[in-house]
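A.B. asks: This is coords_3.cif, which holds mmCIF, C-alpha atoms:
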```cif
data_input
loop_
_atom_site.group_PDB
_atom_site.id
_atom_site.type_symbol
_atom_site.label_atom_id
_atom_site.label_comp_id
_atom_site.auth_asym_id
_atom_site.auth_seq_id
_atom_site.Cartn_x
_atom_site.Cartn_y
_atom_site.Cartn_z
ATOM 1 C CA MET A 1196 266.958 -111.002 -34.567
ATOM 2 C CA ALA A 1197 268.800 -108.259 -32.687
ATOM 3 C CA HIS A 1198 272.134 -107.145 -34.097
ATOM 4 C CA GLU A 1199 275.042 -108.205 -31.890
ATOM 5 C CA ASP A 1200 275.804 -104.582 -31.025
ATOM 6 C CA THR A 1201 272.338 -104.141 -29.505
ATOM 7 C CA LEU A 1202 272.453 -107.214 -27.272
ATOM 8 C CA PRO A 1203 272.929 -106.665 -23.527
ATOM 9 C CA ASP A 1204 276.271 -107.732 -22.055
ATOM 10 C CA ASP A 1205 274.874 -110.942 -20.614
ATOM 11 C CA ALA A 1206 273.289 -112.077 -23.895
ATOM 12 C CA GLY A 1207 275.996 -113.422 -26.110
ATOM 13 C CA HIS A 1208 279.139 -111.744 -24.794
ATOM 14 C CA ASP A 1209 281.159 -112.626 -21.768
ATOM 15 C CA GLU A 1210 283.844 -110.623 -20.076
ATOM 16 C CA HIS A 1211 286.531 -112.561 -21.907
ATOM 17 C CA GLU A 1212 285.061 -111.696 -25.285
ATOM 18 C CA HIS A 1213 285.173 -107.976 -24.553
ATOM 19 C CA GLU A 1214 288.788 -108.379 -23.571
ATOM 20 C CA HIS A 1215 289.693 -110.254 -26.768
ATOM 21 C CA GLY A 1216 288.226 -108.645 -29.866
ATOM 22 C CA PRO A 1217 288.577 -111.740 -32.056
ATOM 23 C CA LEU A 1218 286.205 -113.731 -29.886
ATOM 24 C CA ALA A 1219 283.369 -111.315 -30.657
ATOM 25 C CA GLU A 1220 284.241 -110.296 -34.200
ATOM 26 C CA LEU A 1221 285.258 -113.608 -35.764
ATOM 27 C CA VAL A 1222 282.111 -115.639 -36.276
ATOM 28 C CA THR A 1223 282.615 -118.401 -38.854
ATOM 29 C CA VAL A 1224 285.206 -121.097 -39.458
ATOM 30 C CA ARG A 1225 286.310 -119.062 -42.477
ATOM 31 C CA ASP A 1226 286.856 -115.998 -40.245
ATOM 32 C CA TRP A 1227 288.956 -117.968 -37.783
ATOM 33 C CA LEU A 1228 291.094 -119.572 -40.473
ATOM 34 C CA ARG A 1229 291.915 -116.152 -41.895
ATOM 35 C CA TYR A 1230 292.758 -114.862 -38.436
ATOM 36 C CA ALA A 1231 294.937 -117.886 -37.592
ATOM 37 C CA VAL A 1232 296.945 -117.660 -40.825
ATOM 38 C CA THR A 1233 297.628 -113.960 -40.247
ATOM 39 C CA ARG A 1234 298.510 -114.593 -36.599
ATOM 40 C CA PHE A 1235 300.937 -117.411 -37.438
ATOM 41 C CA ASN A 1236 302.612 -115.454 -40.226
ATOM 42 C CA ARG A 1237 303.016 -112.290 -38.159
ATOM 43 C CA ALA A 1238 304.406 -114.331 -35.252
ATOM 44 C CA GLY A 1239 307.026 -115.885 -37.544
ATOM 45 C CA CYS A 1240 305.896 -119.445 -36.873
ATOM 46 C CA PHE A 1241 308.009 -122.180 -38.471
ATOM 47 C CA PHE A 1242 306.306 -125.137 -40.147
ATOM 48 C CA GLY A 1243 308.478 -128.235 -40.047
ATOM 49 C CA HIS A 1244 306.387 -130.777 -38.185
ATOM 50 C CA GLY A 1245 304.189 -132.209 -40.895
ATOM 51 C CA PHE A 1246 302.501 -129.072 -42.214
ATOM 52 C CA VAL A 1247 303.519 -127.145 -45.305
ATOM 53 C CA ASP A 1248 302.490 -123.632 -44.263
ATOM 54 C CA ALA A 1249 300.318 -121.476 -42.006
ATOM 55 C CA TRP A 1250 297.153 -122.368 -43.926
ATOM 56 C CA ASP A 1251 297.591 -126.140 -43.531
ATOM 57 C CA GLU A 1252 298.315 -125.783 -39.831
ATOM 58 C CA ALA A 1253 295.401 -123.386 -39.273
ATOM 59 C CA VAL A 1254 292.969 -125.781 -40.969
ATOM 60 C CA TYR A 1255 294.195 -128.690 -38.852
ATOM 61 C CA LEU A 1256 294.095 -126.805 -35.548
ATOM 62 C CA VAL A 1257 290.669 -125.242 -36.105
ATOM 63 C CA LEU A 1258 289.051 -128.486 -37.306
ATOM 64 C CA HIS A 1259 290.632 -130.467 -34.476
ATOM 65 C CA THR A 1260 289.551 -127.949 -31.829
ATOM 66 C CA LEU A 1261 285.971 -128.081 -33.109
ATOM 67 C CA ALA A 1262 286.027 -131.923 -33.284
ATOM 68 C CA LEU A 1263 285.272 -131.776 -37.013
ATOM 69 C CA PRO A 1264 286.529 -134.278 -39.630
ATOM 70 C CA LEU A 1265 290.103 -133.337 -40.513
ATOM 71 C CA ASP A 1266 289.598 -134.091 -44.207
ATOM 72 C CA ARG A 1267 286.339 -132.153 -44.748
ATOM 73 C CA LEU A 1268 286.719 -128.398 -44.532
ATOM 74 C CA ASP A 1269 284.362 -127.087 -47.207
ATOM 75 C CA PRO A 1270 280.989 -127.985 -45.593
ATOM 76 C CA PHE A 1271 281.974 -126.115 -42.426
ATOM 77 C CA LEU A 1272 283.596 -122.935 -43.782
ATOM 78 C CA ASP A 1273 280.544 -120.772 -43.157
ATOM 79 C CA ALA A 1274 279.403 -122.462 -39.954
ATOM 80 C CA CYS A 1275 278.943 -120.019 -37.062
ATOM 81 C CA ILE A 1276 280.982 -120.778 -33.952
ATOM 82 C CA PRO A 1277 279.460 -120.168 -30.502
ATOM 83 C CA GLY A 1278 281.338 -118.157 -27.887
ATOM 84 C CA ASP A 1279 282.792 -121.005 -25.818
ATOM 85 C CA GLU A 1280 284.242 -122.661 -28.915
ATOM 86 C CA ARG A 1281 285.677 -119.342 -30.120
ATOM 87 C CA GLU A 1282 287.526 -119.077 -26.822
ATOM 88 C CA ALA A 1283 288.937 -122.577 -27.278
ATOM 89 C CA ILE A 1284 290.163 -121.736 -30.793
ATOM 90 C CA PHE A 1285 291.678 -118.471 -29.584
ATOM 91 C CA GLU A 1286 293.640 -120.283 -26.872
ATOM 92 C CA VAL A 1287 294.981 -122.818 -29.375
ATOM 93 C CA ILE A 1288 296.067 -120.078 -31.790
ATOM 94 C CA GLU A 1289 297.843 -118.235 -28.978
ATOM 95 C CA LYS A 1290 299.712 -121.381 -27.885
ATOM 96 C CA ARG A 1291 300.931 -121.809 -31.446
ATOM 97 C CA ALA A 1292 301.763 -118.147 -32.113
ATOM 98 C CA VAL A 1293 303.057 -116.984 -28.720
ATOM 99 C CA ASP A 1294 304.493 -120.141 -27.154
ATOM 100 C CA ARG A 1295 305.556 -121.459 -30.589
ATOM 101 C CA LEU A 1296 304.298 -124.865 -29.491
ATOM 102 C CA PRO A 1297 304.120 -127.309 -32.413
ATOM 103 C CA ALA A 1298 300.597 -128.327 -33.368
ATOM 104 C CA ALA A 1299 301.124 -131.967 -32.364
ATOM 105 C CA TYR A 1300 301.933 -130.959 -28.794
ATOM 106 C CA ILE A 1301 298.795 -128.807 -28.666
ATOM 107 C CA THR A 1302 296.464 -131.528 -29.941
ATOM 108 C CA GLY A 1303 298.293 -134.525 -28.449
ATOM 109 C CA GLU A 1304 298.356 -136.352 -31.758
ATOM 110 C CA ALA A 1305 300.352 -136.672 -34.966
ATOM 111 C CA TRP A 1306 299.682 -138.432 -38.237
ATOM 112 C CA LEU A 1307 301.801 -140.374 -40.718
ATOM 113 C CA GLY A 1308 299.475 -140.975 -43.639
ATOM 114 C CA GLU A 1309 296.349 -142.627 -42.237
ATOM 115 C CA PHE A 1310 298.101 -143.672 -39.017
ATOM 116 C CA ARG A 1311 297.401 -141.633 -35.885
ATOM 117 C CA PHE A 1312 299.747 -141.524 -32.900
ATOM 118 C CA GLU A 1313 299.444 -140.146 -29.373
ATOM 119 C CA ILE A 1314 302.190 -137.554 -28.897
ATOM 120 C CA ASP A 1315 303.502 -135.347 -26.096
ATOM 121 C CA PRO A 1316 306.802 -133.537 -25.389
ATOM 122 C CA ARG A 1317 308.422 -136.747 -24.119
ATOM 123 C CA VAL A 1318 308.989 -137.718 -27.754
ATOM 124 C CA ILE A 1319 310.008 -136.116 -31.016
ATOM 125 C CA ILE A 1320 307.042 -135.387 -33.306
ATOM 126 C CA PRO A 1321 306.727 -138.123 -35.956
ATOM 127 C CA ARG A 1322 308.025 -137.107 -39.349
ATOM 128 C CA SER A 1323 309.986 -139.456 -41.543
ATOM 129 C CA TYR A 1324 310.673 -140.188 -45.169
ATOM 130 C CA PHE A 1325 310.424 -143.866 -44.183
ATOM 131 C CA ALA A 1326 306.652 -143.577 -43.811
ATOM 132 C CA GLU A 1327 306.078 -143.310 -47.563
ATOM 133 C CA LEU A 1328 308.481 -146.156 -48.324
ATOM 134 C CA LEU A 1329 306.919 -148.470 -45.737
ATOM 135 C CA HIS A 1330 303.492 -147.739 -47.207
ATOM 136 C CA GLU A 1331 304.770 -149.557 -50.307
ATOM 137 C CA GLY A 1332 306.302 -152.397 -48.284
ATOM 138 C CA PHE A 1333 309.755 -150.915 -48.869
ATOM 139 C CA SER A 1334 309.499 -151.986 -52.506
ATOM 140 C CA PRO A 1335 311.516 -152.625 -54.629
ATOM 141 C CA TRP A 1336 314.339 -153.204 -52.163
ATOM 142 C CA ILE A 1337 312.254 -155.731 -50.240
ATOM 143 C CA GLN A 1338 310.521 -157.719 -52.949
ATOM 144 C CA ASP A 1339 308.337 -159.885 -50.697
ATOM 145 C CA PRO A 1340 307.194 -158.153 -47.491
ATOM 146 C CA ALA A 1341 305.780 -161.467 -46.236
ATOM 147 C CA SER A 1342 309.298 -162.942 -46.220
ATOM 148 C CA VAL A 1343 310.521 -160.505 -43.538
ATOM 149 C CA THR A 1344 310.397 -162.377 -40.232
ATOM 150 C CA ARG A 1345 312.545 -160.127 -38.015
ATOM 151 C CA ALA A 1346 312.896 -156.344 -38.301
ATOM 152 C CA MET A 1347 314.134 -153.515 -36.073
ATOM 153 C CA ASP A 1348 313.243 -149.871 -35.576
ATOM 154 C CA MET A 1349 316.314 -148.291 -33.977
ATOM 155 C CA CYS A 1350 315.514 -144.988 -32.202
ATOM 156 C CA THR A 1351 311.784 -145.683 -32.221
ATOM 157 C CA GLY A 1352 310.629 -142.589 -30.285
ATOM 158 C CA SER A 1353 306.828 -142.708 -30.257
ATOM 159 C CA GLY A 1354 306.879 -146.156 -31.866
ATOM 160 C CA CYS A 1355 305.436 -144.772 -35.095
ATOM 161 C CA LEU A 1356 307.809 -146.466 -37.544
ATOM 162 C CA ALA A 1357 307.699 -149.766 -35.647
ATOM 163 C CA ILE A 1358 303.915 -149.688 -36.019
ATOM 164 C CA LEU A 1359 304.190 -148.934 -39.734
ATOM 165 C CA MET A 1360 306.699 -151.805 -40.069
ATOM 166 C CA ALA A 1361 304.292 -154.185 -38.319
ATOM 167 C CA HIS A 1362 301.662 -153.345 -40.935
ATOM 168 C CA ALA A 1363 304.128 -153.495 -43.851
ATOM 169 C CA PHE A 1364 305.660 -156.816 -42.733
ATOM 170 C CA PRO A 1365 302.772 -158.817 -41.259
ATOM 171 C CA ASN A 1366 304.896 -161.918 -40.539
ATOM 172 C CA ALA A 1367 307.711 -160.021 -38.805
ATOM 173 C CA LYS A 1368 308.555 -159.801 -35.147
ATOM 174 C CA ILE A 1369 309.596 -156.164 -34.645
ATOM 175 C CA VAL A 1370 312.139 -154.962 -32.097
ATOM 176 C CA ALA A 1371 311.803 -151.245 -31.303
ATOM 177 C CA VAL A 1372 314.755 -149.634 -29.507
ATOM 178 C CA ASP A 1373 315.205 -146.274 -27.798
ATOM 179 C CA ILE A 1374 317.537 -144.855 -25.159
ATOM 180 C CA SER A 1375 314.739 -142.821 -23.536
ATOM 181 C CA PRO A 1376 312.428 -144.538 -21.023
ATOM 182 C CA ASP A 1377 309.977 -141.647 -21.474
ATOM 183 C CA ALA A 1378 309.846 -142.240 -25.225
ATOM 184 C CA LEU A 1379 309.306 -145.954 -24.668
ATOM 185 C CA ASP A 1380 306.347 -145.174 -22.378
ATOM 186 C CA VAL A 1381 304.733 -143.237 -25.231
ATOM 187 C CA ALA A 1382 305.614 -145.984 -27.729
ATOM 188 C CA ARG A 1383 304.018 -148.564 -25.418
ATOM 189 C CA GLU A 1384 300.748 -146.589 -25.445
ATOM 190 C CA ASN A 1385 300.739 -146.320 -29.239
ATOM 191 C CA ILE A 1386 301.578 -150.001 -29.734
ATOM 192 C CA ALA A 1387 298.741 -150.954 -27.401
ATOM 193 C CA ALA A 1388 296.340 -148.669 -29.281
ATOM 194 C CA TYR A 1389 297.037 -150.687 -32.435
ATOM 195 C CA GLY A 1390 296.900 -154.039 -30.597
ATOM 196 C CA LEU A 1391 300.472 -154.893 -31.600
ATOM 197 C CA GLU A 1392 301.924 -155.895 -28.216
ATOM 198 C CA GLU A 1393 302.557 -159.464 -29.464
ATOM 199 C CA GLN A 1394 304.335 -158.319 -32.619
ATOM 200 C CA ILE A 1395 306.478 -155.439 -31.307
ATOM 201 C CA THR A 1396 309.018 -155.763 -28.475
ATOM 202 C CA LEU A 1397 310.388 -152.606 -26.836
ATOM 203 C CA ILE A 1398 313.983 -152.425 -25.591
ATOM 204 C CA GLN A 1399 315.682 -149.554 -23.763
ATOM 205 C CA SER A 1400 319.199 -149.328 -25.141
ATOM 206 C CA ASP A 1401 321.887 -146.879 -26.252
ATOM 207 C CA GLY A 1402 322.190 -148.093 -29.803
ATOM 208 C CA PHE A 1403 322.674 -151.864 -29.876
ATOM 209 C CA SER A 1404 324.426 -151.983 -26.478
ATOM 210 C CA ALA A 1405 321.548 -153.618 -24.563
ATOM 211 C CA VAL A 1406 319.941 -155.486 -27.483
ATOM 212 C CA PRO A 1407 320.191 -159.292 -27.033
ATOM 213 C CA GLN A 1408 322.200 -160.910 -29.829
ATOM 214 C CA GLN A 1409 319.941 -161.828 -32.754
ATOM 215 C CA THR A 1410 319.844 -161.169 -36.484
ATOM 216 C CA PHE A 1411 317.383 -159.213 -38.567
ATOM 217 C CA ASP A 1412 316.215 -159.156 -42.184
ATOM 218 C CA PHE A 1413 315.807 -155.406 -42.039
ATOM 219 C CA ILE A 1414 316.953 -152.662 -39.687
ATOM 220 C CA LEU A 1415 315.778 -149.094 -40.155
ATOM 221 C CA SER A 1416 316.719 -146.060 -38.116
ATOM 222 C CA ASN A 1417 315.580 -142.460 -38.027
ATOM 223 C CA PRO A 1418 318.224 -141.424 -35.474
ATOM 224 C CA PRO A 1419 319.205 -138.004 -34.141
ATOM 225 C CA TYR A 1420 321.344 -136.465 -36.888
ATOM 226 C CA VAL A 1421 321.194 -132.665 -36.488
ATOM 227 C CA THR A 1422 324.655 -131.078 -36.509
ATOM 228 C CA GLN A 1423 325.802 -128.877 -33.623
ATOM 229 C CA GLU A 1424 325.731 -125.825 -35.884
ATOM 230 C CA ALA A 1425 322.162 -126.564 -36.937
ATOM 231 C CA MET A 1426 321.103 -127.265 -33.332
ATOM 232 C CA GLU A 1427 322.196 -123.764 -32.369
ATOM 233 C CA ALA A 1428 320.076 -122.252 -35.141
ATOM 234 C CA LEU A 1429 316.873 -124.279 -34.663
ATOM 235 C CA PRO A 1430 313.551 -122.400 -34.806
ATOM 236 C CA LYS A 1431 311.766 -122.095 -31.455
ATOM 237 C CA GLU A 1432 309.294 -124.859 -32.340
ATOM 238 C CA TYR A 1433 312.051 -127.487 -32.188
ATOM 239 C CA LEU A 1434 313.162 -126.388 -28.716
ATOM 240 C CA HIS A 1435 310.042 -128.067 -27.298
ATOM 241 C CA GLU A 1436 311.317 -131.451 -28.539
ATOM 242 C CA PRO A 1437 313.809 -133.608 -26.591
ATOM 243 C CA ASP A 1438 317.392 -132.583 -27.436
ATOM 244 C CA LEU A 1439 318.311 -136.250 -27.243
ATOM 245 C CA ALA A 1440 316.147 -136.973 -30.280
ATOM 246 C CA LEU A 1441 317.659 -134.242 -32.473
ATOM 247 C CA GLY A 1442 321.394 -133.688 -32.067
ATOM 248 C CA SER A 1443 324.220 -136.221 -32.239
ATOM 249 C CA GLY A 1444 327.591 -134.525 -31.905
ATOM 250 C CA GLU A 1445 329.425 -131.932 -33.931
ATOM 251 C CA ASP A 1446 328.640 -133.431 -37.342
ATOM 252 C CA GLY A 1447 325.371 -135.136 -36.357
ATOM 253 C CA LEU A 1448 326.799 -138.600 -36.993
ATOM 254 C CA ASP A 1449 327.924 -139.776 -33.532
ATOM 255 C CA LEU A 1450 325.144 -142.346 -33.173
ATOM 256 C CA ILE A 1451 325.251 -143.323 -36.846
ATOM 257 C CA ARG A 1452 328.960 -144.219 -36.520
ATOM 258 C CA GLN A 1453 328.043 -146.478 -33.630
ATOM 259 C CA LEU A 1454 325.138 -148.062 -35.506
ATOM 260 C CA LEU A 1455 327.172 -148.840 -38.623
ATOM 261 C CA ALA A 1456 329.968 -150.350 -36.517
ATOM 262 C CA ASP A 1457 327.590 -152.634 -34.610
ATOM 263 C CA ALA A 1458 325.036 -153.448 -37.317
ATOM 264 C CA PRO A 1459 326.968 -156.323 -39.004
ATOM 265 C CA ARG A 1460 326.474 -158.486 -35.890
ATOM 266 C CA TYR A 1461 322.725 -157.912 -36.041
ATOM 267 C CA LEU A 1462 322.047 -158.409 -39.738
ATOM 268 C CA LYS A 1463 321.347 -161.653 -41.553
ATOM 269 C CA PRO A 1464 323.766 -162.311 -44.450
ATOM 270 C CA GLU A 1465 321.216 -160.884 -46.920
ATOM 271 C CA GLY A 1466 319.899 -158.277 -44.488
ATOM 272 C CA LEU A 1467 319.466 -154.560 -45.129
ATOM 273 C CA ILE A 1468 320.005 -151.488 -42.962
ATOM 274 C CA ALA A 1469 318.506 -148.121 -43.914
ATOM 275 C CA VAL A 1470 319.238 -144.863 -42.078
ATOM 276 C CA GLU A 1471 317.543 -141.480 -42.436
ATOM 277 C CA VAL A 1472 319.901 -138.482 -42.397
ATOM 278 C CA GLY A 1473 317.820 -135.610 -43.783
ATOM 279 C CA HIS A 1474 319.923 -133.086 -45.672
ATOM 280 C CA ASN A 1475 323.237 -134.563 -44.512
ATOM 281 C CA ARG A 1476 324.118 -136.753 -47.484
ATOM 282 C CA HIS A 1477 327.307 -134.756 -48.115
ATOM 283 C CA ILE A 1478 328.442 -135.233 -44.513
ATOM 284 C CA VAL A 1479 327.792 -138.980 -44.692
ATOM 285 C CA GLU A 1480 329.758 -139.302 -47.931
ATOM 286 C CA GLU A 1481 332.681 -137.292 -46.562
ATOM 287 C CA THR A 1482 332.726 -139.257 -43.302
ATOM 288 C CA PHE A 1483 332.374 -142.745 -44.820
ATOM 289 C CA PRO A 1484 334.242 -142.488 -48.151
ATOM 290 C CA ASP A 1485 334.643 -146.256 -48.430
ATOM 291 C CA LEU A 1486 330.937 -146.990 -48.180
ATOM 292 C CA THR A 1487 328.843 -147.114 -51.340
ATOM 293 C CA PRO A 1488 325.269 -146.864 -50.058
ATOM 294 C CA THR A 1489 322.148 -146.711 -52.154
ATOM 295 C CA TRP A 1490 320.423 -143.349 -51.647
ATOM 296 C CA LEU A 1491 316.657 -143.659 -51.584
ATOM 297 C CA SER A 1492 314.027 -141.223 -52.795
ATOM 298 C CA GLY A 1493 310.338 -140.952 -52.017
ATOM 299 C CA PRO A 1494 307.473 -138.634 -52.975
ATOM 300 C CA SER A 1495 308.493 -135.952 -50.455
ATOM 301 C CA GLY A 1496 312.272 -136.083 -50.617
ATOM 302 C CA GLU A 1497 315.303 -137.359 -52.461
ATOM 303 C CA ASN A 1498 318.539 -138.709 -50.984
ATOM 304 C CA LYS A 1499 317.348 -138.416 -47.373
ATOM 305 C CA ILE A 1500 317.860 -142.132 -46.560
ATOM 306 C CA PHE A 1501 320.829 -144.354 -47.307
ATOM 307 C CA MET A 1502 320.682 -148.132 -47.473
ATOM 308 C CA LEU A 1503 323.388 -150.777 -47.162
ATOM 309 C CA GLU A 1504 323.410 -154.538 -47.556
ATOM 310 C CA ALA A 1505 325.004 -156.543 -44.745
ATOM 311 C CA GLY A 1506 327.914 -157.495 -46.997
ATOM 312 C CA GLN A 1507 328.770 -153.828 -47.630
ATOM 313 C CA LEU A 1508 329.425 -153.277 -43.918
ATOM 314 C CA LEU A 1509 331.901 -156.113 -43.476
#
```
Would you give me this structure, written as structure tokens?
C.D. replies:
Amino acid sequence: MAHEDTLPDDAGHDEHEHEHGPLAELVTVRDWLRYAVTRFNRAGCFFGHGFVDAWDEAVYLVLHTLALPLDRLDPFLDACIPGDEREAIFEVIEKRAVDRLPAAYITGEAWLGEFRFEIDPRVIIPRSYFAELLHEGFSPWIQDPASVTRAMDMCTGSGCLAILMAHAFPNAKIVAVDISPDALDVARENIAAYGLEEQITLIQSDGFSAVPQQTFDFILSNPPYVTQEAMEALPKEYLHEPDLALGSGEDGLDLIRQLLADAPRYLKPEGLIAVEVGHNRHIVEETFPDLTPTWLSGPSGENKIFMLEAGQLL
């Protein structure tokens, strides 16, 4: 077989490959992973949307672009990649490194555990400490998932947590609320993909303001909670996400104040409300000194979610 350097221009190289060295010189999956990691690190990419580091994100993007199984890298490491597929990988790497576009917006999908969701810039990229807790049926705080008949996902975004709730609480009617009609359009697509239209009802509302009066066994919310100071210092990746889904006033608690004020009317006497606040536990405790919430911990984070019983809010 002729060495690549001896091939004529029209046998294996196109004009684009001459222009971009990597397309000609990087041959295997292993080559492209090394190149992607270096490219992401040199570009200063930030990894806060479900991937730990440049390696994890490179593996995901390369496997996804080549339509390979996302959980089986080893058999493909030394596979040779033809020219058209190299070009596709190169374009994906450039979108991530130059445009600083999060991986989920490049691939149009995001994962929470084994659950896949369609994603685009109309919605925040799914990431929540609730996902791990719902995988266990929110045990031990909800002892019998089958006993939950009504539950709410406030600030549902892509509908991801509502869908996880529907699986965790099979007997529950779920109400999923968001202020953004664009987000609800995405949520509607994801709910339909899982065949859950009968179990999950979508409502456009600013907090509880447009939610018909009813009571729930369990309300969870992963609301916007980024402080103004933190909003001004966000890495470029987050600037592709809707501002509405990230920030909530100077201290990040504007919507949470509203939710805690209104929640008692929407909770059953033994009902629970749980709210994700990320690293803001200290702000919550300073702002609500009279509340004594239970702070929850999961495999990937401690004290990121607080929980209150209905009686604690009255």
A.B. asks: So how far away is CA of Pro1484 (chain A) from CA of Pro1335 (chain A), in Å?
C.D. replies: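 Separation between CA of Pro1335 (chain A) and CA of Pro1484 (chain A): 25.7 Å.
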A.B. asks: For a quick check of understanding, using all atoms listed in the file, which of A:Arg1234, A:Val1372, A:Gly1243, A:Glu1309 has the smallest distance to Leu1265 (chain A)?
C.D. replies: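 Closest candidate: A:Glu1309.
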A.B. asks: Can you translate the PyMOL selection byres ((chain A and resi 1329) around 10) into the concrete residues it hits in this file, as a list in words?
C.D. replies: Tyr1324, Phe1325, Ala1326, Glu1327, Leu1328, His1330, Glu1331, Gly1332, Phe1333, Ser1334, Pro1340, Leu1356, Leu1359, Met1360, Ala1361, His1362, Ala1363 and Phe1364 of chain A
A.B. asks: Between CA of Asp1412 (chain A) and CA of Ala1456 (chain A), what is the distance, to one decimal in Å?
C.D. replies: 17.3 Å
A.B. asks: Rank nothing, just name the residue among A:Val1370, A:Val1343, A:Cys1240, A:Leu1261 nearest to Arg1291 (chain A), using all atoms listed in the file.
C.D. replies: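 Under the stated criterion, the closest residue is A:Cys1240.
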A.B. asks: Got a sec: who's within 10 Å of Ala1238 (chain A), counting only C-alpha atoms, leaving out chain neighbours fewer than 6 positions off, as a ChimeraX atom specification?
C.D. replies: /A:1232,1289,1291-1295
A.B. asks: If the PyMOL selection byres ((chain A and resi 1423-1439) around 10) were run on this exact file, what residues would it hold? Put them as a count of residues only.
C.D. replies: 35
A.B. asks: Check which residues satisfy the PyMOL selection byres ((chain A and resi 1401-1411) around 12) in the file shown, then give them as JSON, numbers by chain.
C.D. replies: {"A": [1342, 1343, 1344, 1345, 1346, 1347, 1348, 1349, 1350, 1351, 1367, 1368, 1369, 1370, 1371, 1372, 1373, 1374, 1375, 1376, 1396, 1397, 1398, 1399, 1400, 1412, 1413, 1414, 1415, 1416, 1417, 1418, 1419, 1439, 1449, 1450, 1451, 1452, 1453, 1454, 1455, 1456, 1457, 1458, 1459, 1460, 1461, 1462, 1463, 1464, 1465, 1466, 1467, 1468, 1504, 1505]}
A.B. asks: CA of Thr1489 (chain A) to CA of Asn1366 (chain A): how many Å, to one decimal?
C.D. replies: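 These atoms are spaced 25.8 Å apart.
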A.B. asks: With 6 Å as the threshold, what does the neighbourhood of (280.9, -117.9, -36.2) contain in terms of residues, counting only C-alpha atoms? Coordinates are those of the file; answer as number ranges by chain.
C.D. replies: A: 1222-1223, 1275-1276
A.B. asks: Near Tyr1255 (chain A), counting all atoms listed in the file, which residues have an atom at most 10 Å away, once you skip same-chain residues fewer than 3 positions from it, shown as a PDB file with C-alpha atoms, in the coordinates of the input?
C.D. replies:
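Saved the output as around.pdb:
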```pdb
ATOM      1  CA  LEU A1228     291.094-119.572 -40.473  1.00  0.00           C
ATOM      2  CA  PHE A1246     302.501-129.072 -42.214  1.00  0.00           C
ATOM      3  CA  ALA A1249     300.318-121.476 -42.006  1.00  0.00           C
ATOM      4  CA  TRP A1250     297.153-122.368 -43.926  1.00  0.00           C
ATOM      5  CA  ASP A1251     297.591-126.140 -43.531  1.00  0.00           C
ATOM      6  CA  GLU A1252     298.315-125.783 -39.831  1.00  0.00           C
ATOM      7  CA  LEU A1258     289.051-128.486 -37.306  1.00  0.00           C
ATOM      8  CA  HIS A1259     290.632-130.467 -34.476  1.00  0.00           C
ATOM      9  CA  THR A1260     289.551-127.949 -31.829  1.00  0.00           C
ATOM     10  CA  LEU A1263     285.272-131.776 -37.013  1.00  0.00           C
ATOM     11  CA  PRO A1264     286.529-134.278 -39.630  1.00  0.00           C
ATOM     12  CA  LEU A1265     290.103-133.337 -40.513  1.00  0.00           C
ATOM     13  CA  ASP A1266     289.598-134.091 -44.207  1.00  0.00           C
ATOM     14  CA  LEU A1268     286.719-128.398 -44.532  1.00  0.00           C
ATOM     15  CA  ALA A1298     300.597-128.327 -33.368  1.00  0.00           C
ATOM     16  CA  THR A1302     296.464-131.528 -29.941  1.00  0.00           C
TER      17      THR A1302
END
```
